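Shown next: data.tsv, containing TSV, C-alpha atoms.
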chain	number	residue	atom	x	y	z
E	1	MET	CA	-1.65	13.61	-32.28
E	2	LYS	CA	0.79	13.54	-29.38
E	3	VAL	CA	0.49	11.18	-26.41
E	4	TYR	CA	2.79	11.23	-23.39
E	5	PHE	CA	3.64	7.65	-22.43
E	6	LYS	CA	5.14	6.52	-19.14
E	7	SER	CA	5.80	2.92	-18.15
E	8	PHE	CA	6.80	1.64	-14.73
E	9	PHE	CA	7.45	-1.89	-15.99
E	10	SER	CA	11.04	-0.86	-16.68
E	11	ALA	CA	11.44	-0.14	-12.96
E	12	PHE	CA	11.82	-3.91	-12.54
E	13	THR	CA	14.55	-4.34	-15.12
E	14	LYS	CA	16.23	-0.96	-15.58
E	15	GLY	CA	15.45	0.63	-12.24
E	16	TYR	CA	13.65	3.63	-13.66
E	17	ALA	CA	10.41	4.55	-15.43
E	18	THR	CA	10.45	4.87	-19.22
E	19	GLU	CA	9.00	8.07	-20.65
E	20	LYS	CA	8.33	8.84	-24.31
E	21	GLU	CA	6.37	11.35	-26.36
E	22	LEU	CA	4.53	9.41	-29.06
E	23	SER	CA	3.19	10.70	-32.39
E	24	LEU	CA	0.12	8.59	-33.15
E	25	PRO	CA	-2.66	8.57	-35.75
E	26	GLU	CA	-6.18	9.54	-34.66
E	27	GLY	CA	-8.14	6.59	-33.32
E	28	THR	CA	-5.17	4.89	-31.68
E	29	THR	CA	-6.19	2.76	-28.70
E	30	ILE	CA	-4.22	1.82	-25.59
E	31	ALA	CA	-4.05	-1.71	-27.03
E	32	ASP	CA	-2.35	-0.35	-30.17
E	33	VAL	CA	0.32	1.39	-28.07
E	34	LEU	CA	0.93	-1.68	-25.89
E	35	THR	CA	1.24	-3.92	-28.95
E	36	GLU	CA	3.74	-1.50	-30.46
E	37	PHE	CA	5.85	-1.89	-27.30
E	38	GLY	CA	5.62	-5.68	-27.48
E	39	MET	CA	3.19	-6.05	-24.58
E	40	ASP	CA	0.03	-8.16	-24.40
E	41	PRO	CA	-2.85	-5.64	-24.19
E	42	GLU	CA	-4.94	-8.25	-22.38
E	43	GLY	CA	-2.22	-8.88	-19.81
E	44	ASP	CA	-2.32	-7.69	-16.23
E	45	ILE	CA	-1.47	-4.01	-16.65
E	46	ILE	CA	-2.75	-0.94	-14.78
E	47	MET	CA	-3.65	1.53	-17.54
E	48	LEU	CA	-4.17	5.17	-16.59
E	49	VAL	CA	-5.18	7.92	-18.99
E	50	ASN	CA	-4.75	11.32	-17.35
E	51	GLY	CA	-4.83	9.48	-14.03
E	52	ARG	CA	-8.05	7.60	-14.68
E	53	PRO	CA	-8.02	3.77	-14.69
E	54	LEU	CA	-9.29	2.58	-18.09
E	55	ASN	CA	-9.09	-0.51	-20.27
E	56	GLU	CA	-7.13	-1.38	-23.40
E	57	ARG	CA	-10.02	-0.51	-25.74
E	58	THR	CA	-9.82	3.17	-24.77
E	59	VAL	CA	-9.24	5.50	-27.72
E	60	LEU	CA	-6.54	8.04	-26.96
E	61	ALA	CA	-6.84	11.77	-27.61
E	62	ASP	CA	-4.32	14.50	-28.35
E	63	ASN	CA	-2.17	15.41	-25.30
E	64	ASP	CA	-3.35	12.42	-23.27
E	65	LYS	CA	-0.97	11.10	-20.63
E	66	LEU	CA	-0.90	7.29	-20.76
E	67	THR	CA	0.73	5.65	-17.74
E	68	ILE	CA	1.09	1.90	-17.37
E	69	MET	CA	2.08	0.09	-14.20
E	70	PRO	CA	2.46	-3.49	-13.04
E	71	PRO	CA	-0.22	-4.68	-10.61
E	72	VAL	CA	1.52	-5.97	-7.49
E	73	SER	CA	-0.20	-7.63	-4.57
E	74	ALA	CA	2.36	-9.20	-2.24
E	75	ALA	CA	3.12	-7.71	1.13
G	1	MET	CA	8.47	4.67	32.52
G	2	ASN	CA	7.50	8.16	31.56
G	3	ARG	CA	5.63	8.52	28.27
G	4	ARG	CA	7.29	11.88	27.60
G	5	ASP	CA	10.73	10.27	28.01
G	6	ILE	CA	9.95	7.45	25.60
G	7	PHE	CA	8.73	9.78	22.87
G	8	SER	CA	11.02	12.74	23.58
G	9	ARG	CA	12.94	12.42	20.30
G	10	SER	CA	9.70	12.28	18.30
G	11	ILE	CA	8.15	15.19	20.18
G	12	ALA	CA	11.29	17.19	19.47
G	13	PHE	CA	10.44	16.80	15.78
G	14	TRP	CA	6.64	16.76	15.47
G	15	GLY	CA	5.58	18.38	18.75
G	16	GLU	CA	3.35	17.44	21.67
G	17	GLU	CA	0.06	18.13	19.93
G	18	LYS	CA	0.66	15.50	17.24
G	19	GLN	CA	2.07	13.09	19.83
G	20	ASP	CA	-1.03	13.43	21.99
G	21	LEU	CA	-3.29	12.92	18.99
G	22	LEU	CA	-1.56	9.62	18.13
G	23	ALA	CA	-2.23	8.28	21.62
G	24	LYS	CA	-5.97	8.65	21.01
G	25	LYS	CA	-6.03	6.80	17.69
G	26	THR	CA	-6.61	3.18	16.66
G	27	ILE	CA	-5.28	1.57	13.49
G	28	PHE	CA	-6.26	-1.81	12.06
G	29	ILE	CA	-3.30	-3.69	10.57
G	30	ALA	CA	-4.70	-6.12	7.99
G	31	GLY	CA	-2.05	-8.75	7.41
G	32	VAL	CA	0.91	-9.11	9.75
G	33	GLY	CA	3.34	-10.51	7.23
G	34	ALA	CA	6.35	-8.67	5.91
G	35	VAL	CA	5.01	-5.17	5.36
G	36	GLY	CA	2.49	-5.45	8.21
G	37	CYS	CA	5.26	-6.13	10.75
G	38	VAL	CA	7.10	-2.96	9.74
G	39	VAL	CA	3.99	-0.77	9.71
G	40	ALA	CA	2.91	-2.09	13.12
G	41	GLU	CA	6.31	-1.53	14.74
G	42	ILE	CA	6.69	2.00	13.38
G	43	LEU	CA	3.19	3.04	14.46
G	44	LEU	CA	3.80	1.56	17.90
G	45	ARG	CA	7.14	3.32	18.26
G	46	ALA	CA	5.43	6.51	17.07
G	47	GLY	CA	3.05	6.18	20.03
G	48	ILE	CA	-0.24	5.06	18.48
G	49	GLY	CA	-2.89	4.39	21.11
G	50	ARG	CA	-4.21	1.04	19.91
G	51	LEU	CA	-3.37	-1.47	17.20
G	52	TYR	CA	-5.47	-4.33	15.93
G	53	LEU	CA	-3.36	-7.07	14.32
G	54	ALA	CA	-5.41	-9.20	11.92
G	55	ASP	CA	-3.96	-12.34	10.37
G	56	ARG	CA	-4.71	-16.05	10.43
G	57	GLY	CA	-1.31	-17.22	9.24
G	58	PHE	CA	1.48	-19.12	10.98
G	59	THR	CA	5.19	-18.35	10.74
G	60	ASP	CA	6.92	-20.46	8.07
G	61	PRO	CA	10.64	-20.68	7.20
G	62	PRO	CA	10.23	-18.62	3.96
G	63	ASP	CA	8.93	-15.73	6.10
G	64	LEU	CA	12.25	-15.27	7.87
G	65	ASN	CA	13.99	-13.46	4.98
G	66	ARG	CA	11.84	-10.34	5.52
G	67	GLN	CA	9.23	-10.57	8.31
G	68	ALA	CA	10.75	-8.48	11.06
G	69	LEU	CA	8.83	-9.67	14.13
G	70	TYR	CA	9.50	-13.42	13.71
G	71	THR	CA	12.46	-15.68	14.47
G	72	VAL	CA	13.26	-19.39	14.17
G	73	ASN	CA	11.73	-19.83	17.62
G	74	ASP	CA	8.34	-18.74	16.28
G	75	LEU	CA	7.99	-21.26	13.43
G	76	GLY	CA	4.56	-22.88	13.36
G	77	LYS	CA	3.05	-20.37	15.78
G	78	PRO	CA	0.20	-17.96	14.94
G	79	LYS	CA	1.67	-14.73	13.66
G	80	VAL	CA	-0.66	-12.42	15.53
G	81	SER	CA	0.17	-13.91	18.92
G	82	THR	CA	3.94	-13.73	18.32
G	83	ALA	CA	3.72	-10.23	16.84
G	84	GLY	CA	1.39	-9.11	19.60
G	85	GLN	CA	3.74	-10.26	22.37
G	86	ARG	CA	6.76	-8.69	20.73
G	87	LEU	CA	5.05	-5.38	20.04
G	88	LYS	CA	3.56	-5.07	23.53
G	89	SER	CA	7.04	-5.26	25.05
G	90	MET	CA	8.55	-2.49	22.91
G	91	THR	CA	7.25	0.65	24.60
G	92	GLY	CA	4.42	-0.49	26.85
G	93	GLN	CA	2.40	2.49	25.64
G	94	THR	CA	0.16	0.88	22.98
G	95	GLU	CA	-2.77	-1.46	23.45
G	96	VAL	CA	-2.18	-4.34	21.02
G	97	ILE	CA	-5.12	-6.56	20.13
G	98	PRO	CA	-4.37	-9.71	18.09
G	99	LEU	CA	-7.21	-11.06	15.93
G	100	GLU	CA	-6.89	-14.51	14.38
G	101	VAL	CA	-9.15	-13.70	11.44
G	102	ASN	CA	-9.20	-14.16	7.69
G	103	ILE	CA	-10.14	-10.94	5.92
G	104	GLY	CA	-12.99	-11.65	3.54
G	105	GLU	CA	-14.24	-14.62	5.56
G	106	ASP	CA	-14.53	-13.45	9.16
G	107	ASP	CA	-16.54	-10.49	10.43
G	108	ILE	CA	-14.21	-7.60	11.31
G	109	SER	CA	-16.82	-4.86	11.41
G	110	GLY	CA	-16.77	-4.63	15.22
G	111	ALA	CA	-13.04	-3.98	15.34
G	112	LEU	CA	-13.12	-1.62	12.36
G	113	SER	CA	-15.84	0.50	13.91
G	114	GLY	CA	-13.39	1.76	16.52
G	115	CYS	CA	-10.59	2.54	14.06
G	116	GLU	CA	-9.56	5.78	12.40
G	117	GLY	CA	-7.80	3.97	9.60
G	118	VAL	CA	-6.57	0.73	8.12
G	119	ALA	CA	-3.19	-0.49	6.90
G	120	ASP	CA	-3.79	-2.81	3.95
G	121	CYS	CA	-0.84	-5.18	4.18
G	122	LEU	CA	-2.65	-8.15	2.64
G	123	ASP	CA	-1.12	-10.39	-0.02
G	124	ASN	CA	-3.90	-10.91	-2.56
G	125	PHE	CA	-6.48	-8.87	-4.45
G	126	PRO	CA	-9.70	-10.63	-3.30
G	127	SER	CA	-8.84	-9.99	0.37
G	128	ARG	CA	-7.86	-6.39	-0.40
G	129	PHE	CA	-11.20	-5.81	-2.17
G	130	ALA	CA	-13.09	-7.34	0.76
G	131	LEU	CA	-11.21	-5.09	3.18
G	132	GLU	CA	-11.93	-2.03	1.04
G	133	GLU	CA	-15.63	-2.87	1.02
G	134	SER	CA	-15.56	-2.99	4.83
G	135	LEU	CA	-14.48	0.65	5.12
G	136	THR	CA	-16.93	3.28	6.24
G	137	LYS	CA	-16.96	6.72	4.63
G	138	ASP	CA	-15.00	8.43	7.38
G	139	MET	CA	-12.11	5.94	7.27
G	140	PHE	CA	-8.87	5.98	5.34
G	141	MET	CA	-6.95	2.94	4.16
G	142	VAL	CA	-3.27	3.07	3.27
G	143	SER	CA	-2.67	0.25	0.84
G	144	GLY	CA	0.78	-1.09	0.01
G	145	ALA	CA	1.97	-3.88	-2.23
G	146	ILE	CA	5.35	-5.20	-3.34
G	147	LEU	CA	7.00	-7.51	-5.84
G	148	ARG	CA	10.71	-8.21	-6.27
G	149	ASP	CA	12.35	-4.92	-5.21
G	150	TYR	CA	9.42	-2.74	-6.30
G	151	GLY	CA	6.44	-1.38	-4.39
G	152	GLN	CA	3.41	0.87	-4.64
G	153	VAL	CA	1.49	2.79	-1.94
G	154	THR	CA	-1.76	4.72	-2.15
G	155	THR	CA	-4.41	6.00	0.25
G	156	VAL	CA	-8.02	5.04	-0.32
G	157	VAL	CA	-10.97	6.99	1.13
G	158	PRO	CA	-14.40	5.68	0.11
G	159	GLY	CA	-16.15	8.09	-2.24
G	160	ARG	CA	-13.18	10.45	-2.44
G	161	THR	CA	-10.41	8.54	-4.14
G	162	VAL	CA	-9.85	6.00	-6.88
G	163	SER	CA	-10.64	2.62	-5.33
G	164	LEU	CA	-8.47	-0.50	-5.30
G	165	ARG	CA	-11.13	-2.28	-7.30
G	166	GLU	CA	-10.93	0.38	-10.02
G	167	LEU	CA	-7.15	0.04	-10.09
G	168	TYR	CA	-6.76	-3.71	-9.74
G	169	GLY	CA	-10.14	-5.20	-10.61
G	170	GLY	CA	-10.19	-7.76	-13.38
G	171	PHE	CA	-6.61	-8.94	-13.18
G	172	LYS	CA	-6.50	-12.58	-13.96
G	173	HIS	CA	-3.47	-14.15	-12.43
G	174	VAL	CA	-1.18	-13.21	-9.59
G	175	PRO	CA	1.06	-16.06	-8.47
G	176	LYS	CA	0.94	-17.01	-4.80
G	177	THR	CA	4.69	-17.49	-4.49
G	178	VAL	CA	6.43	-14.30	-5.46
G	179	PRO	CA	10.01	-13.05	-5.29
G	180	VAL	CA	10.26	-10.46	-2.50
G	181	ILE	CA	13.25	-9.15	-0.55
G	182	ALA	CA	13.69	-7.35	2.76
G	183	PRO	CA	14.88	-3.92	1.50
G	184	ILE	CA	11.61	-3.13	-0.31
G	185	VAL	CA	9.60	-4.55	2.61
G	186	PHE	CA	11.20	-2.18	5.11
G	187	CYS	CA	11.14	0.72	2.65
G	188	LEU	CA	7.49	0.32	1.71
G	189	GLY	CA	6.39	-0.40	5.28
G	190	SER	CA	8.08	2.83	6.36
G	191	LEU	CA	6.39	4.82	3.61
G	192	MET	CA	3.01	3.33	4.55
G	193	ALA	CA	3.49	4.10	8.23
G	194	GLN	CA	4.42	7.71	7.44
G	195	GLU	CA	1.30	8.07	5.28
G	196	ILE	CA	-0.86	6.66	8.10
G	197	LEU	CA	0.58	9.31	10.42
G	198	ASN	CA	-0.08	11.92	7.72
G	199	ASN	CA	-3.72	10.84	7.52
G	200	ILE	CA	-4.13	10.87	11.30
G	201	TRP	CA	-2.80	14.41	11.42
G	202	GLY	CA	-5.00	15.54	8.54
G	203	GLU	CA	-2.08	15.90	6.12
G	204	PRO	CA	-2.52	13.00	3.66
G	205	GLN	CA	-0.11	12.96	0.72
G	206	LEU	CA	-1.23	9.90	-1.22
G	207	GLN	CA	-4.98	10.29	-1.65
G	208	ASN	CA	-5.50	9.97	-5.42
G	209	THR	CA	-1.78	9.39	-5.83
G	210	ILE	CA	0.33	6.25	-6.14
G	211	LEU	CA	3.82	6.43	-4.69
G	212	VAL	CA	6.11	4.12	-6.63
G	213	ALA	CA	9.36	2.81	-5.17
G	214	GLY	CA	11.75	0.79	-7.30
G	215	LEU	CA	14.95	0.01	-5.47
G	216	ALA	CA	16.91	-1.28	-8.49
G	217	GLY	CA	17.69	2.28	-9.59
G	218	PHE	CA	16.33	4.09	-6.54
G	219	CYS	CA	13.32	5.10	-8.63
G	220	PHE	CA	10.80	7.05	-6.56
G	221	ASP	CA	7.87	8.66	-8.34
G	222	LEU	CA	4.35	9.97	-7.73
G	223	VAL	CA	1.57	8.99	-10.14
G	224	PRO	CA	-1.55	11.19	-9.94
G	225	LEU	CA	-4.95	9.49	-10.07
G	226	THR	CA	-8.25	11.03	-11.16
G	227	PRO	CA	-11.39	9.74	-9.44
G	228	THR	CA	-14.34	9.02	-11.72
G	229	GLU	CA	-16.58	11.43	-9.79
G	230	ASN	CA	-14.41	14.45	-10.64
G	231	PRO	CA	-13.71	14.49	-14.37
Would you put the structure from the file into structure tokens?
Amino acid sequence: MKVYFKSFFSAFTKGYATEKELSLPEGTTIADVLTEFGMDPEGDIIMLVNGRPLNERTVLADNDKLTIMPPVSAA
Amino acid sequence: MNRRDIFSRSIAFWGEEKQDLLAKKTIFIAGVGAVGCVVAEILLRAGIGRLYLADRGFTDPPDLNRQALYTVNDLGKPKVSTAGQRLKSMTGQTEVIPLEVNIGEDDISGALSGCEGVADCLDNFPSRFALEESLTKDMFMVSGAILRDYGQVTTVVPGRTVSLRELYGGFKHVPKTVPVIAPIVFCLGSLMAQEILNNIWGEPQLQNTILVAGLAGFCFDLVPLTPTENP
């Protein structure tokens, strides 16, 4: 299945969001994707699937859009 | 001073009807730190009718790299009294009401009941959640947060948008001392102020949307959100 992945964590280091189209086996979770990218799935990460906030245990489906963002709270 | 003179350049852009509407509106600024100072000044210079300034902090030296309403002469003084004095003198057209309160501890329901909307310029999640829970269904809250040279803005309306608690609930650790610089403060504060004006005029852009601003590569992006109620 295909999942469209977008990360805003690279906005800190590279100055732009990272976008990739991933080919994944059925049953892949958000945690699997984050681990693949070297991130701690239990870390502080906003995880959106098709715009909906979900957790790392969420199983992804074909054509899902997975967006991850850093939680920021200063002002 | 003539009100029409003061706001003539704004009226030339957005017209008298929108200008007159602003004069009738009240906004609650929660947190008058870095972003809160910018939001408050822009709304005041736009011609908002009344501003509540809510903060229980005092000006410290580390504030001076980015908090626009404070100077070395204000160190150790309550932020809301300094900010209130400075803002009142800018146009003389806005009623400015300083509140030395701690969001989440003190009762702000009386002040909120007279407000059209809220600017969430707080610096921690528990206070932001408490503020969100204080909103009534007819209110909007423009929420902004920053870190380093990066920021995020969204508009929350109870029952109609994804909530802050849905977005940020459950995060374990956010350090109290964070790296933050003036360019993102002024940028994000400006974006928040514009979105508050948009909401007042019935033209919100960031309900169920996060606006991301990353200054390192001038990365600006819109991230759509889907509320749970509308699958």
**Message:** Between CA of Leu215 (chain G) and CA of Cys187 (chain G), what is the distance in Å, rounded to a tenth?
**Reply:**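 Distance reported for this atom pair: 9.0 Å.
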**Message:** List the spatial neighbours of Ala23 (chain G) as a list in words - criterion: any atom at most 9 Å away, all atoms listed in the file, same-chain residues fewer than 6 positions off excluded.
**Reply:**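 With the cut-off at 9 Å, the set is Gly47, Ile48, Gly49, Arg50, Gln93 and Thr94 of chain G.
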Preceding selection exported with C-alpha atoms as a PDB file, in the coordinates of the input:
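Writing the result to out-v8.pdb gives the following:
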ATOM      1  CA  GLY G  47       3.050   6.180  20.030  1.00  0.00           C
ATOM      2  CA  ILE G  48      -0.240   5.060  18.480  1.00  0.00           C
ATOM      3  CA  GLY G  49      -2.890   4.390  21.110  1.00  0.00           C
ATOM      4  CA  ARG G  50      -4.210   1.040  19.910  1.00  0.00           C
ATOM      5  CA  GLN G  93       2.400   2.490  25.640  1.00  0.00           C
ATOM      6  CA  THR G  94       0.160   0.880  22.980  1.00  0.00           C
TER       7      THR G  94
END
**Item:** Protein and nucleic acid residues near (-0.7, -7.6, 11.3) (cut-off 9 Å, all atoms listed in the file) as an MDAnalysis selection string
**Value:** chainID G and resid 28:37 39:40 51:55 79:80 83:84 98:99 119 121:122
Find the residues around region 34-43 of chain E up to 12 Å (only C-alpha atoms counted), leave out those fewer than 2 positions away in its own chain, and share them as a JSON list (two decimals) with C-alpha atoms, keeping the file's coordinate frame.
[["chain", "number", "residue", "atom", "x", "y", "z"],
["E", 5, "PHE", "CA", 3.64, 7.65, -22.43],
["E", 6, "LYS", "CA", 5.14, 6.52, -19.14],
["E", 7, "SER", "CA", 5.80, 2.92, -18.15],
["E", 9, "PHE", "CA", 7.45, -1.89, -15.99],
["E", 10, "SER", "CA", 11.04, -0.86, -16.68],
["E", 18, "THR", "CA", 10.45, 4.87, -19.22],
["E", 20, "LYS", "CA", 8.33, 8.84, -24.31],
["E", 22, "LEU", "CA", 4.53, 9.41, -29.06],
["E", 24, "LEU", "CA", 0.12, 8.59, -33.15],
["E", 28, "THR", "CA", -5.17, 4.89, -31.68],
["E", 29, "THR", "CA", -6.19, 2.76, -28.70],
["E", 30, "ILE", "CA", -4.22, 1.82, -25.59],
["E", 31, "ALA", "CA", -4.05, -1.71, -27.03],
["E", 32, "ASP", "CA", -2.35, -0.35, -30.17],
["E", 45, "ILE", "CA", -1.47, -4.01, -16.65],
["E", 46, "ILE", "CA", -2.75, -0.94, -14.78],
["E", 47, "MET", "CA", -3.65, 1.53, -17.54],
["E", 55, "ASN", "CA", -9.09, -0.51, -20.27],
["E", 56, "GLU", "CA", -7.13, -1.38, -23.40],
["E", 57, "ARG", "CA", -10.02, -0.51, -25.74],
["E", 58, "THR", "CA", -9.82, 3.17, -24.77],
["E", 66, "LEU", "CA", -0.90, 7.29, -20.76],
["E", 67, "THR", "CA", 0.73, 5.65, -17.74],
["E", 68, "ILE", "CA", 1.09, 1.90, -17.37],
["E", 69, "MET", "CA", 2.08, 0.09, -14.20],
["E", 70, "PRO", "CA", 2.46, -3.49, -13.04],
["E", 71, "PRO", "CA", -0.22, -4.68, -10.61],
["G", 170, "GLY", "CA", -10.19, -7.76, -13.38],
["G", 171, "PHE", "CA", -6.61, -8.94, -13.18],
["G", 172, "LYS", "CA", -6.50, -12.58, -13.96],
["G", 173, "HIS", "CA", -3.47, -14.15, -12.43],
["G", 174, "VAL", "CA", -1.18, -13.21, -9.59]]
**Request:** Could you check which of G:Asp63, G:Asp107, G:Glu116, G:Glu195 is closest to chain E, using only C-alpha atoms?
**Result:**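 Nearest candidate to chain E out of G:Asp63, G:Asp107, G:Glu116, G:Glu195: G:Asp63.
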**Prompt:** Would you list which chain G residues are within 7 Å of chain E using all atoms listed in the file, as a ChimeraX atom specification?
**Reply:** /G:33-35,121-125,145-147,150,166-168,171-172,214-219,224-227
**Request:** Would you kindly return, as a ChimeraX atom specification, each protein, DNA or RNA residue with an atom no farther than 12 Å from any atom of Phe13 (chain G), considering all atoms listed in the file and excluding same-chain residues fewer than 6 positions away?
**Result:** /G:7,19,46
**Request:** Work out how far apart CA of Thr71 (chain G) and CA of Leu188 (chain G) are and give it in Å to one decimal.
**Result:**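 The value is 21.1 Å.
Relative to CA of Leu206 (chain G), CA of Val162 (chain G) is found at 11.0 Å.
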Place N, CA and C atoms on region 127-148 of chain G and deliver the coordinates as a PDB file, in the coordinates of the input.
ATOM      1  N   SER G 127      -8.791 -10.426  -1.026  1.00  0.00           N
ATOM      2  CA  SER G 127      -8.840  -9.990   0.370  1.00  0.00           C
ATOM      3  C   SER G 127      -8.770  -8.463   0.461  1.00  0.00           C
ATOM      4  N   ARG G 128      -7.961  -7.865  -0.399  1.00  0.00           N
ATOM      5  CA  ARG G 128      -7.860  -6.390  -0.400  1.00  0.00           C
ATOM      6  C   ARG G 128      -9.204  -5.772  -0.768  1.00  0.00           C
ATOM      7  N   PHE G 129      -9.884  -6.341  -1.774  1.00  0.00           N
ATOM      8  CA  PHE G 129     -11.200  -5.810  -2.170  1.00  0.00           C
ATOM      9  C   PHE G 129     -12.200  -5.959  -1.024  1.00  0.00           C
ATOM     10  N   ALA G 130     -12.171  -7.109  -0.358  1.00  0.00           N
ATOM     11  CA  ALA G 130     -13.090  -7.340   0.760  1.00  0.00           C
ATOM     12  C   ALA G 130     -12.843  -6.334   1.877  1.00  0.00           C
ATOM     13  N   LEU G 131     -11.562  -6.068   2.144  1.00  0.00           N
ATOM     14  CA  LEU G 131     -11.210  -5.090   3.180  1.00  0.00           C
ATOM     15  C   LEU G 131     -11.708  -3.702   2.783  1.00  0.00           C
ATOM     16  N   GLU G 132     -11.495  -3.348   1.533  1.00  0.00           N
ATOM     17  CA  GLU G 132     -11.930  -2.030   1.040  1.00  0.00           C
ATOM     18  C   GLU G 132     -13.440  -1.873   1.204  1.00  0.00           C
ATOM     19  N   GLU G 133     -14.174  -2.944   0.916  1.00  0.00           N
ATOM     20  CA  GLU G 133     -15.630  -2.870   1.020  1.00  0.00           C
ATOM     21  C   GLU G 133     -16.095  -2.768   2.475  1.00  0.00           C
ATOM     22  N   SER G 134     -15.213  -3.099   3.409  1.00  0.00           N
ATOM     23  CA  SER G 134     -15.560  -2.990   4.830  1.00  0.00           C
ATOM     24  C   SER G 134     -15.388  -1.580   5.387  1.00  0.00           C
ATOM     25  N   LEU G 135     -14.751  -0.705   4.616  1.00  0.00           N
ATOM     26  CA  LEU G 135     -14.480   0.650   5.120  1.00  0.00           C
ATOM     27  C   LEU G 135     -15.766   1.459   5.194  1.00  0.00           C
ATOM     28  N   THR G 136     -15.838   2.304   6.196  1.00  0.00           N
ATOM     29  CA  THR G 136     -16.930   3.280   6.240  1.00  0.00           C
ATOM     30  C   THR G 136     -16.413   4.601   5.670  1.00  0.00           C
ATOM     31  N   LYS G 137     -17.319   5.521   5.392  1.00  0.00           N
ATOM     32  CA  LYS G 137     -16.960   6.720   4.630  1.00  0.00           C
ATOM     33  C   LYS G 137     -15.969   7.634   5.344  1.00  0.00           C
ATOM     34  N   ASP G 138     -15.908   7.535   6.658  1.00  0.00           N
ATOM     35  CA  ASP G 138     -15.000   8.430   7.380  1.00  0.00           C
ATOM     36  C   ASP G 138     -13.629   7.801   7.622  1.00  0.00           C
ATOM     37  N   MET G 139     -13.384   6.628   7.039  1.00  0.00           N
ATOM     38  CA  MET G 139     -12.110   5.940   7.270  1.00  0.00           C
ATOM     39  C   MET G 139     -11.163   6.103   6.101  1.00  0.00           C
ATOM     40  N   PHE G 140      -9.875   6.055   6.398  1.00  0.00           N
ATOM     41  CA  PHE G 140      -8.870   5.980   5.340  1.00  0.00           C
ATOM     42  C   PHE G 140      -8.204   4.619   5.374  1.00  0.00           C
ATOM     43  N   MET G 141      -7.711   4.196   4.232  1.00  0.00           N
ATOM     44  CA  MET G 141      -6.950   2.940   4.160  1.00  0.00           C
ATOM     45  C   MET G 141      -5.679   3.191   3.359  1.00  0.00           C
ATOM     46  N   VAL G 142      -4.545   2.971   3.987  1.00  0.00           N
ATOM     47  CA  VAL G 142      -3.270   3.070   3.270  1.00  0.00           C
ATOM     48  C   VAL G 142      -2.923   1.673   2.779  1.00  0.00           C
ATOM     49  N   SER G 143      -2.832   1.556   1.460  1.00  0.00           N
ATOM     50  CA  SER G 143      -2.670   0.250   0.840  1.00  0.00           C
ATOM     51  C   SER G 143      -1.283   0.145   0.208  1.00  0.00           C
ATOM     52  N   GLY G 144      -0.556  -0.902   0.560  1.00  0.00           N
ATOM     53  CA  GLY G 144       0.780  -1.090   0.010  1.00  0.00           C
ATOM     54  C   GLY G 144       0.953  -2.483  -0.548  1.00  0.00           C
ATOM     55  N   ALA G 145       1.718  -2.579  -1.625  1.00  0.00           N
ATOM     56  CA  ALA G 145       1.970  -3.880  -2.230  1.00  0.00           C
ATOM     57  C   ALA G 145       3.366  -3.889  -2.835  1.00  0.00           C
ATOM     58  N   ILE G 146       3.968  -5.086  -2.869  1.00  0.00           N
ATOM     59  CA  ILE G 146       5.350  -5.200  -3.340  1.00  0.00           C
ATOM     60  C   ILE G 146       5.512  -6.397  -4.256  1.00  0.00           C
ATOM     61  N   LEU G 147       6.575  -6.380  -5.005  1.00  0.00           N
ATOM     62  CA  LEU G 147       7.000  -7.510  -5.840  1.00  0.00           C
ATOM     63  C   LEU G 147       8.464  -7.283  -6.169  1.00  0.00           C
ATOM     64  N   ARG G 148       9.259  -8.318  -6.000  1.00  0.00           N
ATOM     65  CA  ARG G 148      10.710  -8.210  -6.270  1.00  0.00           C
ATOM     66  C   ARG G 148      11.303  -7.111  -5.385  1.00  0.00           C
TER      67      ARG G 148
END
